[in-house]
Number of protein chains: 2
Amino acid sequence: MGHSAMPGIRPNITSMTGYVPGEQPRDGEYIKLNTNENPYPPSPRVFEAIREALSGDRLRKYPEPLGDTFRTVAAKVFGVRPDQILIGNGSDDILTILTRAYVPEGGLIASLTPSYLLYKTLANIQGARFRTVPFTADWQLPDPWPIAHADLTFFASPNSPSGTFIESGAVSQLAEQTGCPIVLDEAYVDFAEKSGLPYAGSPNLILTRTLSKSYALAGIRFGFAIASPEVIRELVKVKDSYNCDVLSLTAATAAIQDRDYLAETRRKIIATRERLGDSLRRLGFDVTPSQANFVWARRSDRPVKTIYEALKARKILVRYMSYPEYGDGLRVTVGTDVEIDTLLKELTQILSV
Amino acid sequence: MGHSAMPGIRPNITSMTGYVPGEQPRDGEYIKLNTNENPYPPSPRVFEAIREALSGDRLRKYPEPLGDTFRTVAAKVFGVRPDQILIGNGSDDILTILTRAYVPEGGLIASLTPSYLLYKTLANIQGARFRTVPFTADWQLPDPWPIAHADLTFFASPNSPSGTFIESGAVSQLAEQTGCPIVLDEAYVDFAEKSGLPYAGSPNLILTRTLSKSYALAGIRFGFAIASPEVIRELVKVKDSYNCDVLSLTAATAAIQDRDYLAETRRKIIATRERLGDSLRRLGFDVTPSQANFVWARRSDRPVKTIYEALKARKILVRYMSYPEYGDGLRVTVGTDVEIDTLLKELTQILSV
């Protein structure tokens, strides 16, 4: 421990580059199709519930530590027990809690590639190793799965950036056969045809969800995990005592109860997603069939990074992503129909040059 | 990794008992003097700001990752640079981030005793060792400080449960001389006569603050750290990308600007604190002079645990605390004058039996 500018910070931290979230310009001039936010507002019930919470003395008091009101409601909605649910300050908080619970320093985190880049960041922060395996050509798990000895394995389904769905049965089977804890990160699952919910409760499988995407609540930071009661009991020890605030808990509880609103938002986004995919294909992009609220668009005839830059110059933000040994592409969030029309018009112009 | 009910969870987690926060009864019948919540509401500006934030589309969008709006305002209020501030989901989040940044598995966390029990929990979660040293008789640091090789040292000033203030100059000097990173946890500092702010920016010293107590915002979960820009840059890598939600950021930014409201709340609480301390002394308690929003009351003539239980039976919650090699006592939060009058009346009855 010396007298340098940063005495004592762990070398795994100083040597890493932090996770870089998508650009969040504050001037509001951009069409934002880069961070998979929902283009539609949250359920009106969310606003009602927050306004009601403001009228009492709930801001000055600590919130429910385990979020029991949310857990009771969510248990009914998802057909599990309340003690199978862990509340989180966004699903990133849940992924952090899982990493700290399962992965020792020097341990191993496994994942697929290309996928959510945060998994590697979590390994870096924990001082753990990180290994990834490429998806199969049809975006499923390689069989046999080659990293059966990991301390924790993250699978995103639907996956980002591809938008593809991993057969949950295969994941559940892998968790059962190897005894390895597997996180099925279902941030985008409300836009898919199926989910891993039928497999919830297996001792080695942890499902994670967020309200940022399908419930249009990225601003309030709320996610949750579904696992066996025995696993949840251990995870509770790792989370901060009051990791979710009273307004987020209130908003989340209201949001998950409005199933009609969710269904309607989902229907609109899926319709626009299909139109967006078809149009991008007509413009020469290679578009992976998506089960999420974004599409993954690549092309081999010209660099997509310059397309990203040209769009940005025209005040449209999409996400440029590049993966080692895989390549790059544009991840385009499904916006409103008007936003997507503008995107397609600008893209047509850019590509005609 | 076996096929038990909890395969793969780290032994430091399974073997620990989690931190137990103060009771949070939901029925509202209790006079709550157990978790150091503020008895007065937050500034009216907080409610205005939250209502205004609800009118736009801010819930559906991700919040500012670094909280730049808050940082700019807080920098002016506290006389530091914006890049010296780290935002947190409560100061517990900040303490967690610091632990992960500084303490390797098997490392050492040091603290004083009796103090905030969470420090030990953070060591347990990180798989680190934990050592404490008793305060001196006048609640200062022992000189010489005997654990100079710790990876991270936590000092709470004002301290809980004692409410006593540690001379910040001695802390700053210790950090400078040993090169050991020291966290000065100033959760209660707005109720004290001085603060560690004059020493902010030393590379080995990190100040932490919360809005839960003096700003009456325990429900919204917001805290922050003040340190050198070099340290903050590393801590940013460890925090979740969006660790503070848009409504909490909005509330916090409004709250810290209302200095008149803070001064008035502080004045009322300090006046009640002094009256509470004097009254408890007249009832035979040994009360440590407090610089926080609570008092620490002990007695040698009868067990205080039964007093805690008798108060609870009468719907008054105080915090019973017991520390190895030190003993126990009641930590009583400063409530409104009416609440304190009720407490004193019931205590008089209980003690007359």
# chains A, B, ... in the order shown; residues from 1 in each chain; ligands from 1
>>> interface_residues(of="chain A", to="chain B", cutoff="6 Å", atoms="only C-alpha atoms", output="JSON, numbers by chain")
{"A": [3, 5, 6, 8, 9, 10, 18, 59, 60, 61, 62, 63, 101, 102, 179, 203, 216, 217, 218, 219, 220, 221, 231, 237, 245, 246]}
>>> residues_around(residues="Gln291 (chain A)", least_positions_apart="5", cutoff="6 Å", atoms="only C-alpha atoms", output="ChimeraX atom specification")
/A:163-164,191-192
>>> select_by_dssp(residues="region 50-168 of chain B", states="strand (DSSP E or B)", output="list in words")
Ile85, Leu86, Ile87, Gly88, Leu108, Ile109, Ala110, Ser111, Leu112, Thr113, Arg129, Phe130, Arg131, Thr132, Val133, Pro134, Leu152, Thr153, Phe154, Phe155 and Ala156 of chain B
>>> residues_around(residues="Pro324 (chain A)", least_positions_apart="3", cutoff="12 Å", atoms="only C-alpha atoms", output="list in words")
Thr113, Pro114, Ser115, Leu117, Thr132, Val133, Pro134, Met321, Gly327 and Asp328 of chain A
>>> residues_around(residues="Leu184 (chain B)", least_positions_apart="5", cutoff="12 Å", atoms="only C-alpha atoms", output="PDB file with C-alpha atoms, in the first residue's frame")
ATOM      1  CA  SER B  91     -24.997   5.308   1.529  1.00  0.00           C
ATOM      2  CA  ILE B  94     -21.564   3.556  -1.413  1.00  0.00           C
ATOM      3  CA  LEU B  95     -20.130   1.427   1.425  1.00  0.00           C
ATOM      4  CA  LEU B  98     -15.974   0.951  -1.508  1.00  0.00           C
ATOM      5  CA  SER B 111     -13.286  -0.430  12.394  1.00  0.00           C
ATOM      6  CA  LEU B 112     -14.024   0.742  15.901  1.00  0.00           C
ATOM      7  CA  LEU B 152     -10.152  -0.460   4.231  1.00  0.00           C
ATOM      8  CA  THR B 153     -11.059   1.220   7.502  1.00  0.00           C
ATOM      9  CA  PHE B 154     -14.532   2.476   8.422  1.00  0.00           C
ATOM     10  CA  PHE B 155     -15.048   5.217  11.002  1.00  0.00           C
ATOM     11  CA  ALA B 156     -18.558   6.521  11.643  1.00  0.00           C
ATOM     12  CA  SER B 157     -18.639  10.125  12.829  1.00  0.00           C
ATOM     13  CA  PRO B 158     -21.023  10.829  14.462  1.00  0.00           C
ATOM     14  CA  ASN B 159     -20.888   7.221  15.511  1.00  0.00           C
ATOM     15  CA  PHE B 165     -18.008  12.770  16.986  1.00  0.00           C
ATOM     16  CA  ILE B 166     -14.512  11.656  16.008  1.00  0.00           C
ATOM     17  CA  GLU B 167     -12.040  14.483  15.471  1.00  0.00           C
ATOM     18  CA  SER B 168     -11.771  14.556  11.669  1.00  0.00           C
ATOM     19  CA  GLY B 169      -8.276  16.001  11.784  1.00  0.00           C
ATOM     20  CA  ALA B 170      -7.012  12.875  13.537  1.00  0.00           C
ATOM     21  CA  VAL B 171      -8.679  10.682  10.889  1.00  0.00           C
ATOM     22  CA  SER B 172      -7.217  12.667   8.025  1.00  0.00           C
ATOM     23  CA  LEU B 174      -4.015   8.793  10.127  1.00  0.00           C
ATOM     24  CA  ALA B 175      -4.998   8.291   6.478  1.00  0.00           C
ATOM     25  CA  VAL B 189     -23.009  14.699  10.360  1.00  0.00           C
ATOM     26  CA  SER B 195     -17.681  17.733   9.729  1.00  0.00           C
ATOM     27  CA  GLY B 196     -14.816  16.128   7.835  1.00  0.00           C
ATOM     28  CA  LEU B 197     -15.491  18.292   4.783  1.00  0.00           C
ATOM     29  CA  TYR B 199     -10.343  17.250   4.665  1.00  0.00           C
ATOM     30  CA  ALA B 200     -12.206  16.140   1.520  1.00  0.00           C
ATOM     31  CA  SER B 202      -7.095  13.743   0.442  1.00  0.00           C
ATOM     32  CA  ASN B 204      -6.773   8.256   1.241  1.00  0.00           C
ATOM     33  CA  LEU B 205      -9.923   9.739   2.733  1.00  0.00           C
ATOM     34  CA  ILE B 206     -13.455   9.075   1.521  1.00  0.00           C
ATOM     35  CA  LEU B 207     -16.409  10.887   3.085  1.00  0.00           C
ATOM     36  CA  THR B 208     -19.840   9.290   2.793  1.00  0.00           C
ATOM     37  CA  ARG B 209     -23.177  10.992   3.275  1.00  0.00           C
ATOM     38  CA  ALA B 225     -19.298   9.928  -1.440  1.00  0.00           C
ATOM     39  CA  ILE B 226     -16.802  12.762  -1.601  1.00  0.00           C
ATOM     40  CA  ALA B 227     -13.214  11.847  -2.421  1.00  0.00           C
TER      41      ALA B 227
END
>>> atom_distance(atom1="CA of Phe130 (chain B)", atom2="CA of Gln173 (chain B)")
22.5 Å
>>> residues_around(residues="Asp341 (chain A)", least_positions_apart="4", cutoff="12 Å", atoms="only C-alpha atoms", output="list in words")
Ile31, Thr272, Arg273, Arg275, Leu276, Ser279, Leu280, Ile316, Val334, Gly335, Thr336, Asp337, Lys345, Glu346, Leu347 and Thr348 of chain A
>>> closest_residue(among="B:Arg131, B:Phe224, B:Ser162, B:Asp260", to="Asp185 (chain B)", atoms="only C-alpha atoms")
B:Phe224
>>> closest_residue(among="B:Val332, B:Pro144, B:Val353, B:Pro44", to="Ala310 (chain B)", atoms="only C-alpha atoms")
B:Val353
>>> select_by_dssp(residues="region 41-249 of chain B", states="helix (DSSP H, G or I)", output="PyMOL selection string")
chain B and resi 44-55+68-78+82-84+91-102+118-126+168-178+189-191+197-199+218-220+229-238+246-249
